[in-house]
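input.pdb (PDB, N, CA and C atoms and all ligand atoms)
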```pdb
ATOM      1  N   MET G 166      67.649  86.939  98.618  1.00  0.00           N
ATOM      2  CA  MET G 166      68.300  88.140  99.163  1.00  0.00           C
ATOM      3  C   MET G 166      69.439  88.574  98.237  1.00  0.00           C
ATOM      4  N   ALA G 167      69.430  89.830  97.894  1.00  0.00           N
ATOM      5  CA  ALA G 167      70.457  90.354  96.990  1.00  0.00           C
ATOM      6  C   ALA G 167      71.807  90.367  97.693  1.00  0.00           C
ATOM      7  N   ASN G 168      72.830  90.069  96.942  1.00  0.00           N
ATOM      8  CA  ASN G 168      74.154  90.060  97.557  1.00  0.00           C
ATOM      9  C   ASN G 168      74.984  91.272  97.138  1.00  0.00           C
ATOM     10  N   TYR G 169      74.326  92.273  96.599  1.00  0.00           N
ATOM     11  CA  TYR G 169      75.031  93.519  96.316  1.00  0.00           C
ATOM     12  C   TYR G 169      74.465  94.617  97.202  1.00  0.00           C
ATOM     13  N   LYS G 170      75.239  95.656  97.366  1.00  0.00           N
ATOM     14  CA  LYS G 170      74.817  96.772  98.190  1.00  0.00           C
ATOM     15  C   LYS G 170      74.172  97.840  97.322  1.00  0.00           C
ATOM     16  N   THR G 171      73.304  98.609  97.957  1.00  0.00           N
ATOM     17  CA  THR G 171      72.652  99.689  97.234  1.00  0.00           C
ATOM     18  C   THR G 171      72.912 101.012  97.927  1.00  0.00           C
ATOM     19  N   CYS G 172      72.841 102.078  97.150  1.00  0.00           N
ATOM     20  CA  CYS G 172      73.048 103.427  97.668  1.00  0.00           C
ATOM     21  C   CYS G 172      71.996 103.734  98.733  1.00  0.00           C
ATOM     22  N   MET G 173      72.416 104.246  99.885  1.00  0.00           N
ATOM     23  CA  MET G 173      71.466 104.513 100.960  1.00  0.00           C
ATOM     24  C   MET G 173      70.625 105.766 100.668  1.00  0.00           C
ATOM     25  N   GLU G 174      71.011 106.495  99.631  1.00  0.00           N
ATOM     26  CA  GLU G 174      70.247 107.684  99.255  1.00  0.00           C
ATOM     27  C   GLU G 174      69.241 107.371  98.142  1.00  0.00           C
ATOM     28  N   CYS G 175      69.721 106.832  97.032  1.00  0.00           N
ATOM     29  CA  CYS G 175      68.850 106.662  95.868  1.00  0.00           C
ATOM     30  C   CYS G 175      68.523 105.207  95.565  1.00  0.00           C
ATOM     31  N   GLY G 176      69.202 104.265  96.217  1.00  0.00           N
ATOM     32  CA  GLY G 176      68.875 102.855  96.019  1.00  0.00           C
ATOM     33  C   GLY G 176      69.506 102.207  94.801  1.00  0.00           C
ATOM     34  N   ASN G 177      70.349 102.939  94.087  1.00  0.00           N
ATOM     35  CA  ASN G 177      71.047 102.348  92.941  1.00  0.00           C
ATOM     36  C   ASN G 177      72.005 101.255  93.404  1.00  0.00           C
ATOM     37  N   GLU G 178      72.178 100.271  92.551  1.00  0.00           N
ATOM     38  CA  GLU G 178      73.158  99.232  92.841  1.00  0.00           C
ATOM     39  C   GLU G 178      74.554  99.837  92.868  1.00  0.00           C
ATOM     40  N   LEU G 179      75.369  99.392  93.809  1.00  0.00           N
ATOM     41  CA  LEU G 179      76.715  99.947  93.951  1.00  0.00           C
ATOM     42  C   LEU G 179      77.758  99.024  93.344  1.00  0.00           C
ATOM     43  N   LEU G 180      78.739  99.643  92.715  1.00  0.00           N
ATOM     44  CA  LEU G 180      79.892  98.912  92.197  1.00  0.00           C
ATOM     45  C   LEU G 180      81.006  98.968  93.232  1.00  0.00           C
ATOM     46  N   ALA G 181      81.996  98.132  93.052  1.00  0.00           N
ATOM     47  CA  ALA G 181      83.120  98.100  93.985  1.00  0.00           C
ATOM     48  C   ALA G 181      83.775  99.473  94.113  1.00  0.00           C
ATOM     49  N   ASP G 182      83.862 100.197  93.010  1.00  0.00           N
ATOM     50  CA  ASP G 182      84.468 101.529  93.038  1.00  0.00           C
ATOM     51  C   ASP G 182      83.673 102.494  93.909  1.00  0.00           C
ATOM     52  N   ASP G 183      82.354 102.399  93.842  1.00  0.00           N
ATOM     53  CA  ASP G 183      81.507 103.283  94.635  1.00  0.00           C
ATOM     54  C   ASP G 183      81.791 103.085  96.124  1.00  0.00           C
ATOM     55  N   ILE G 184      81.891 101.824  96.499  1.00  0.00           N
ATOM     56  CA  ILE G 184      82.128 101.486  97.903  1.00  0.00           C
ATOM     57  C   ILE G 184      83.532 101.926  98.318  1.00  0.00           C
ATOM     58  N   ALA G 185      84.499 101.682  97.449  1.00  0.00           N
ATOM     59  CA  ALA G 185      85.880 102.035  97.774  1.00  0.00           C
ATOM     60  C   ALA G 185      86.052 103.547  97.953  1.00  0.00           C
ATOM     61  N   ILE G 186      85.461 104.325  97.068  1.00  0.00           N
ATOM     62  CA  ILE G 186      85.658 105.774  97.174  1.00  0.00           C
ATOM     63  C   ILE G 186      84.884 106.329  98.370  1.00  0.00           C
ATOM     64  N   HIS G 187      83.765 105.741  98.685  1.00  0.00           N
ATOM     65  CA  HIS G 187      83.043 106.161  99.895  1.00  0.00           C
ATOM     66  C   HIS G 187      83.921 105.913 101.119  1.00  0.00           C
ATOM     67  N   ARG G 188      84.513 104.732 101.182  1.00  0.00           N
ATOM     68  CA  ARG G 188      85.380 104.407 102.322  1.00  0.00           C
ATOM     69  C   ARG G 188      86.560 105.375 102.382  1.00  0.00           C
ATOM     70  N   LYS G 189      87.082 105.700 101.207  1.00  0.00           N
ATOM     71  CA  LYS G 189      88.256 106.570 101.156  1.00  0.00           C
ATOM     72  C   LYS G 189      87.910 107.994 101.599  1.00  0.00           C
ATOM     73  N   LEU G 190      86.781 108.506 101.133  1.00  0.00           N
ATOM     74  CA  LEU G 190      86.468 109.924 101.344  1.00  0.00           C
ATOM     75  C   LEU G 190      85.601 110.179 102.572  1.00  0.00           C
ATOM     76  N   VAL G 191      84.857 109.186 102.998  1.00  0.00           N
ATOM     77  CA  VAL G 191      83.883 109.422 104.071  1.00  0.00           C
ATOM     78  C   VAL G 191      84.249 108.677 105.340  1.00  0.00           C
ATOM     79  N   ASN G 192      84.278 107.358 105.251  1.00  0.00           N
ATOM     80  CA  ASN G 192      84.479 106.568 106.469  1.00  0.00           C
ATOM     81  C   ASN G 192      84.996 105.199 106.077  1.00  0.00           C
ATOM     82  N   ARG G 193      86.190 104.922 106.472  1.00  0.00           N
ATOM     83  CA  ARG G 193      86.835 103.678 106.076  1.00  0.00           C
ATOM     84  C   ARG G 193      86.078 102.451 106.577  1.00  0.00           C
ATOM     85  N   ASN G 194      85.363 102.596 107.656  1.00  0.00           N
ATOM     86  CA  ASN G 194      84.663 101.456 108.244  1.00  0.00           C
ATOM     87  C   ASN G 194      83.168 101.443 107.935  1.00  0.00           C
ATOM     88  N   ALA G 195      82.786 102.248 106.972  1.00  0.00           N
ATOM     89  CA  ALA G 195      81.365 102.344 106.629  1.00  0.00           C
ATOM     90  C   ALA G 195      80.817 101.000 106.167  1.00  0.00           C
ATOM     91  N   ASP G 196      79.563 100.759 106.486  1.00  0.00           N
ATOM     92  CA  ASP G 196      78.916  99.589 105.895  1.00  0.00           C
ATOM     93  C   ASP G 196      77.618  99.975 105.168  1.00  0.00           C
ATOM     94  N   GLU G 197      77.386 101.272 105.083  1.00  0.00           N
ATOM     95  CA  GLU G 197      76.342 101.788 104.203  1.00  0.00           C
ATOM     96  C   GLU G 197      77.000 102.828 103.322  1.00  0.00           C
ATOM     97  N   PHE G 198      76.543 102.906 102.072  1.00  0.00           N
ATOM     98  CA  PHE G 198      77.295 103.697 101.103  1.00  0.00           C
ATOM     99  C   PHE G 198      76.400 104.529 100.209  1.00  0.00           C
ATOM    100  N   PHE G 199      77.013 105.569  99.634  1.00  0.00           N
ATOM    101  CA  PHE G 199      76.371 106.337  98.577  1.00  0.00           C
ATOM    102  C   PHE G 199      76.962 105.910  97.235  1.00  0.00           C
ATOM    103  N   CYS G 200      76.160 106.010  96.185  1.00  0.00           N
ATOM    104  CA  CYS G 200      76.703 105.854  94.842  1.00  0.00           C
ATOM    105  C   CYS G 200      77.535 107.108  94.525  1.00  0.00           C
ATOM    106  N   ILE G 201      78.241 107.085  93.421  1.00  0.00           N
ATOM    107  CA  ILE G 201      79.127 108.200  93.093  1.00  0.00           C
ATOM    108  C   ILE G 201      78.346 109.507  92.957  1.00  0.00           C
ATOM    109  N   GLY G 202      77.202 109.436  92.311  1.00  0.00           N
ATOM    110  CA  GLY G 202      76.395 110.645  92.113  1.00  0.00           C
ATOM    111  C   GLY G 202      75.952 111.270  93.417  1.00  0.00           C
ATOM    112  N   CYS G 203      75.457 110.457  94.337  1.00  0.00           N
ATOM    113  CA  CYS G 203      74.999 110.973  95.633  1.00  0.00           C
ATOM    114  C   CYS G 203      76.181 111.411  96.485  1.00  0.00           C
ATOM    115  N   LEU G 204      77.264 110.680  96.418  1.00  0.00           N
ATOM    116  CA  LEU G 204      78.458 111.062  97.166  1.00  0.00           C
ATOM    117  C   LEU G 204      78.963 112.431  96.711  1.00  0.00           C
ATOM    118  N   ALA G 205      78.991 112.636  95.410  1.00  0.00           N
ATOM    119  CA  ALA G 205      79.427 113.924  94.873  1.00  0.00           C
ATOM    120  C   ALA G 205      78.539 115.050  95.409  1.00  0.00           C
ATOM    121  N   GLU G 206      77.239 114.796  95.435  1.00  0.00           N
ATOM    122  CA  GLU G 206      76.308 115.807  95.931  1.00  0.00           C
ATOM    123  C   GLU G 206      76.560 116.109  97.406  1.00  0.00           C
ATOM    124  N   LYS G 207      76.759 115.062  98.194  1.00  0.00           N
ATOM    125  CA  LYS G 207      77.004 115.233  99.626  1.00  0.00           C
ATOM    126  C   LYS G 207      78.284 116.020  99.885  1.00  0.00           C
ATOM    127  N   LEU G 208      79.275 115.805  99.033  1.00  0.00           N
ATOM    128  CA  LEU G 208      80.578 116.439  99.237  1.00  0.00           C
ATOM    129  C   LEU G 208      80.670 117.788  98.522  1.00  0.00           C
ATOM    130  N   GLY G 209      79.598 118.177  97.855  1.00  0.00           N
ATOM    131  CA  GLY G 209      79.614 119.433  97.116  1.00  0.00           C
ATOM    132  C   GLY G 209      80.578 119.382  95.948  1.00  0.00           C
ATOM    133  N   SER G 210      80.728 118.177  95.395  1.00  0.00           N
ATOM    134  CA  SER G 210      81.653 117.973  94.286  1.00  0.00           C
ATOM    135  C   SER G 210      80.851 117.538  93.065  1.00  0.00           C
ATOM    136  N   SER G 211      81.530 117.029  92.059  1.00  0.00           N
ATOM    137  CA  SER G 211      80.841 116.547  90.868  1.00  0.00           C
ATOM    138  C   SER G 211      81.193 115.084  90.643  1.00  0.00           C
ATOM    139  N   ARG G 212      80.323 114.397  89.929  1.00  0.00           N
ATOM    140  CA  ARG G 212      80.577 113.003  89.594  1.00  0.00           C
ATOM    141  C   ARG G 212      81.915 112.854  88.863  1.00  0.00           C
ATOM    142  N   GLU G 213      82.195 113.814  87.965  1.00  0.00           N
ATOM    143  CA  GLU G 213      83.442 113.741  87.211  1.00  0.00           C
ATOM    144  C   GLU G 213      84.655 113.796  88.139  1.00  0.00           C
ATOM    145  N   ARG G 214      84.560 114.652  89.148  1.00  0.00           N
ATOM    146  CA  ARG G 214      85.665 114.803  90.092  1.00  0.00           C
ATOM    147  C   ARG G 214      85.878 113.514  90.900  1.00  0.00           C
ATOM    148  N   ILE G 215      84.774 112.903  91.317  1.00  0.00           N
ATOM    149  CA  ILE G 215      84.871 111.653  92.068  1.00  0.00           C
ATOM    150  C   ILE G 215      85.482 110.558  91.186  1.00  0.00           C
ATOM    151  N   GLU G 216      85.057 110.515  89.932  1.00  0.00           N
ATOM    152  CA  GLU G 216      85.600 109.501  89.019  1.00  0.00           C
ATOM    153  C   GLU G 216      87.095 109.725  88.779  1.00  0.00           C
ATOM    154  N   GLU G 217      87.495 110.991  88.748  1.00  0.00           N
ATOM    155  CA  GLU G 217      88.925 111.294  88.624  1.00  0.00           C
ATOM    156  C   GLU G 217      89.699 110.773  89.827  1.00  0.00           C
ATOM    157  N   LEU G 218      89.111 110.957  91.007  1.00  0.00           N
ATOM    158  CA  LEU G 218      89.771 110.486  92.229  1.00  0.00           C
ATOM    159  C   LEU G 218      89.904 108.968  92.223  1.00  0.00           C
ATOM    160  N   ILE G 219      88.857 108.286  91.787  1.00  0.00           N
ATOM    161  CA  ILE G 219      88.916 106.824  91.705  1.00  0.00           C
ATOM    162  C   ILE G 219      90.058 106.409  90.781  1.00  0.00           C
ATOM    163  N   ALA G 220      90.133 107.048  89.616  1.00  0.00           N
ATOM    164  CA  ALA G 220      91.192 106.724  88.651  1.00  0.00           C
ATOM    165  C   ALA G 220      92.566 107.022  89.252  1.00  0.00           C
ATOM    166  N   TYR G 221      92.642 108.127  89.999  1.00  0.00           N
ATOM    167  CA  TYR G 221      93.909 108.512  90.610  1.00  0.00           C
ATOM    168  C   TYR G 221      94.361 107.477  91.648  1.00  0.00           C
ATOM    169  N   TYR G 222      93.449 107.117  92.535  1.00  0.00           N
ATOM    170  CA  TYR G 222      93.826 106.169  93.596  1.00  0.00           C
ATOM    171  C   TYR G 222      94.198 104.815  93.014  1.00  0.00           C
ATOM    172  N   ARG G 223      93.467 104.416  91.985  1.00  0.00           N
ATOM    173  CA  ARG G 223      93.792 103.137  91.357  1.00  0.00           C
ATOM    174  C   ARG G 223      95.159 103.212  90.678  1.00  0.00           C
ATOM    175  N   ALA G 224      95.429 104.320  90.019  1.00  0.00           N
ATOM    176  CA  ALA G 224      96.683 104.465  89.282  1.00  0.00           C
ATOM    177  C   ALA G 224      97.891 104.479  90.214  1.00  0.00           C
ATOM    178  N   THR G 225      97.734 105.096  91.386  1.00  0.00           N
ATOM    179  CA  THR G 225      98.866 105.166  92.302  1.00  0.00           C
ATOM    180  C   THR G 225      99.173 103.806  92.894  1.00  0.00           C
ATOM    181  N   GLY G 226      98.140 102.970  93.033  1.00  0.00           N
ATOM    182  CA  GLY G 226      98.351 101.640  93.587  1.00  0.00           C
ATOM    183  C   GLY G 226      98.676 101.643  95.064  1.00  0.00           C
ATOM    184  N   LYS G 227      98.571 102.813  95.699  1.00  0.00           N
ATOM    185  CA  LYS G 227      98.952 102.912  97.110  1.00  0.00           C
ATOM    186  C   LYS G 227      97.795 102.679  98.060  1.00  0.00           C
ATOM    187  N   CYS G 228      96.601 102.866  97.549  1.00  0.00           N
ATOM    188  CA  CYS G 228      95.452 102.709  98.429  1.00  0.00           C
ATOM    189  C   CYS G 228      94.940 101.277  98.357  1.00  0.00           C
ATOM    190  N   THR G 229      94.910 100.627  99.491  1.00  0.00           N
ATOM    191  CA  THR G 229      94.515  99.215  99.519  1.00  0.00           C
ATOM    192  C   THR G 229      93.024  99.021  99.259  1.00  0.00           C
ATOM    193  N   LEU G 230      92.260 100.113  99.247  1.00  0.00           N
ATOM    194  CA  LEU G 230      90.831  99.984  98.972  1.00  0.00           C
ATOM    195  C   LEU G 230      90.582  99.762  97.480  1.00  0.00           C
ATOM    196  N   PHE G 231      91.567 100.144  96.658  1.00  0.00           N
ATOM    197  CA  PHE G 231      91.419 100.011  95.210  1.00  0.00           C
ATOM    198  C   PHE G 231      92.367  98.947  94.698  1.00  0.00           C
ATOM    199  N   VAL G 232      91.832  97.872  94.224  1.00  0.00           N
ATOM    200  CA  VAL G 232      92.691  96.783  93.762  1.00  0.00           C
ATOM    201  C   VAL G 232      92.395  96.439  92.312  1.00  0.00           C
TER
HETATM  202 ZN    ZN G 301      72.795 107.265  95.073  1.00  0.00          ZN
END
```
Structure rendered as structure tokens:
Amino acid sequence: MANYKTCMECGNELLADDIAIHRKLVNRNADEFFCIGCLAEKLGSSRERIEELIAYYRATGKCTLFV
């Protein structure tokens, strides 16, 4: 049994950042996730924008989802 999570839309393996930004933008208590690409599509945004947000939250150090 795989011990990593996969995107519920496309099945890609998820990284910690993918899960963290999903929790931040969609649902903090989620246990199913989208990868960055699918999340961007769902939110009507772009992958670049989501990656910027990840970098921003990590840089601020204020969000406990990003360590
Ligand atoms: Zn996906």
(message) Taking only chain G into account, list the residues labelled alpha helix (DSSP H) by DSSP (computed from the backbone), as a ChimeraX atom specification.
(response) /G:181-190,201-207,212-225
(request) For ligand ZN 301 (chain G), list the contacting residues at 7 Å or closer, counting all atoms listed in the file, as an MDAnalysis selection string. (result) chainID G and resid 171:177 198:204
Env of His187 in chain G: 12 Å cut, atoms = only C-alpha atoms, seq-sep filter 4 positions within chain, self excluded. Answer as a short mmCIF file (atom, residue, chain, number, x, y, z; two decimals) with N, CA and C atoms, in the frame of the given file.
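Output saved as result33.cif:
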```cif
data_model
loop_
_atom_site.label_atom_id
_atom_site.label_comp_id
_atom_site.auth_asym_id
_atom_site.auth_seq_id
_atom_site.Cartn_x
_atom_site.Cartn_y
_atom_site.Cartn_z
N CYS G 172 72.84 102.08 97.15
CA CYS G 172 73.05 103.43 97.67
C CYS G 172 72.00 103.73 98.73
N MET G 173 72.42 104.25 99.88
CA MET G 173 71.47 104.51 100.96
C MET G 173 70.62 105.77 100.67
N LEU G 179 75.37 99.39 93.81
CA LEU G 179 76.72 99.95 93.95
C LEU G 179 77.76 99.02 93.34
N LEU G 180 78.74 99.64 92.72
CA LEU G 180 79.89 98.91 92.20
C LEU G 180 81.01 98.97 93.23
N ALA G 181 82.00 98.13 93.05
CA ALA G 181 83.12 98.10 93.98
C ALA G 181 83.78 99.47 94.11
N ASP G 182 83.86 100.20 93.01
CA ASP G 182 84.47 101.53 93.04
C ASP G 182 83.67 102.49 93.91
N ASP G 183 82.35 102.40 93.84
CA ASP G 183 81.51 103.28 94.64
C ASP G 183 81.79 103.08 96.12
N VAL G 191 84.86 109.19 103.00
CA VAL G 191 83.88 109.42 104.07
C VAL G 191 84.25 108.68 105.34
N ASN G 192 84.28 107.36 105.25
CA ASN G 192 84.48 106.57 106.47
C ASN G 192 85.00 105.20 106.08
N ARG G 193 86.19 104.92 106.47
CA ARG G 193 86.84 103.68 106.08
C ARG G 193 86.08 102.45 106.58
N ASN G 194 85.36 102.60 107.66
CA ASN G 194 84.66 101.46 108.24
C ASN G 194 83.17 101.44 107.94
N ALA G 195 82.79 102.25 106.97
CA ALA G 195 81.36 102.34 106.63
C ALA G 195 80.82 101.00 106.17
N ASP G 196 79.56 100.76 106.49
CA ASP G 196 78.92 99.59 105.90
C ASP G 196 77.62 99.98 105.17
N GLU G 197 77.39 101.27 105.08
CA GLU G 197 76.34 101.79 104.20
C GLU G 197 77.00 102.83 103.32
N PHE G 198 76.54 102.91 102.07
CA PHE G 198 77.30 103.70 101.10
C PHE G 198 76.40 104.53 100.21
N PHE G 199 77.01 105.57 99.63
CA PHE G 199 76.37 106.34 98.58
C PHE G 199 76.96 105.91 97.24
N CYS G 200 76.16 106.01 96.18
CA CYS G 200 76.70 105.85 94.84
C CYS G 200 77.54 107.11 94.52
N ILE G 201 78.24 107.08 93.42
CA ILE G 201 79.13 108.20 93.09
C ILE G 201 78.35 109.51 92.96
N GLY G 202 77.20 109.44 92.31
CA GLY G 202 76.40 110.64 92.11
C GLY G 202 75.95 111.27 93.42
N CYS G 203 75.46 110.46 94.34
CA CYS G 203 75.00 110.97 95.63
C CYS G 203 76.18 111.41 96.48
N LEU G 204 77.26 110.68 96.42
CA LEU G 204 78.46 111.06 97.17
C LEU G 204 78.96 112.43 96.71
N ALA G 205 78.99 112.64 95.41
CA ALA G 205 79.43 113.92 94.87
C ALA G 205 78.54 115.05 95.41
N LYS G 207 76.76 115.06 98.19
CA LYS G 207 77.00 115.23 99.63
C LYS G 207 78.28 116.02 99.88
N LEU G 208 79.28 115.80 99.03
CA LEU G 208 80.58 116.44 99.24
C LEU G 208 80.67 117.79 98.52
N ILE G 215 84.77 112.90 91.32
CA ILE G 215 84.87 111.65 92.07
C ILE G 215 85.48 110.56 91.19
N GLU G 216 85.06 110.52 89.93
CA GLU G 216 85.60 109.50 89.02
C GLU G 216 87.10 109.72 88.78
N LEU G 218 89.11 110.96 91.01
CA LEU G 218 89.77 110.49 92.23
C LEU G 218 89.90 108.97 92.22
N ILE G 219 88.86 108.29 91.79
CA ILE G 219 88.92 106.82 91.70
C ILE G 219 90.06 106.41 90.78
N LEU G 230 92.26 100.11 99.25
CA LEU G 230 90.83 99.98 98.97
C LEU G 230 90.58 99.76 97.48
N PHE G 231 91.57 100.14 96.66
CA PHE G 231 91.42 100.01 95.21
C PHE G 231 92.37 98.95 94.70
#
```
(message) Report, in Å to a single decimal, how far apart CA of Lys170 in chain G and CA of Thr225 in chain G are.
(response)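 Taking CA of Thr225 in chain G and CA of Lys170 in chain G, their separation equals 26.1 Å.
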(request) Would you please give, as a list in words, all residues of chain G that DSSP assigns to strand (DSSP E or B) based on the backbone? (result)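 Those in chain G that DSSP calls strand (DSSP E or B) are Thr171, Cys172, Glu178 and Phe198 of chain G.
For the pair CA of Glu213 in chain G and atom C of Thr229 in chain G, the separation is 21.3 Å.
Reported to one decimal place, the separation of CA of Ser211 in chain G from atom C of Ala185 in chain G is 15.7 Å.
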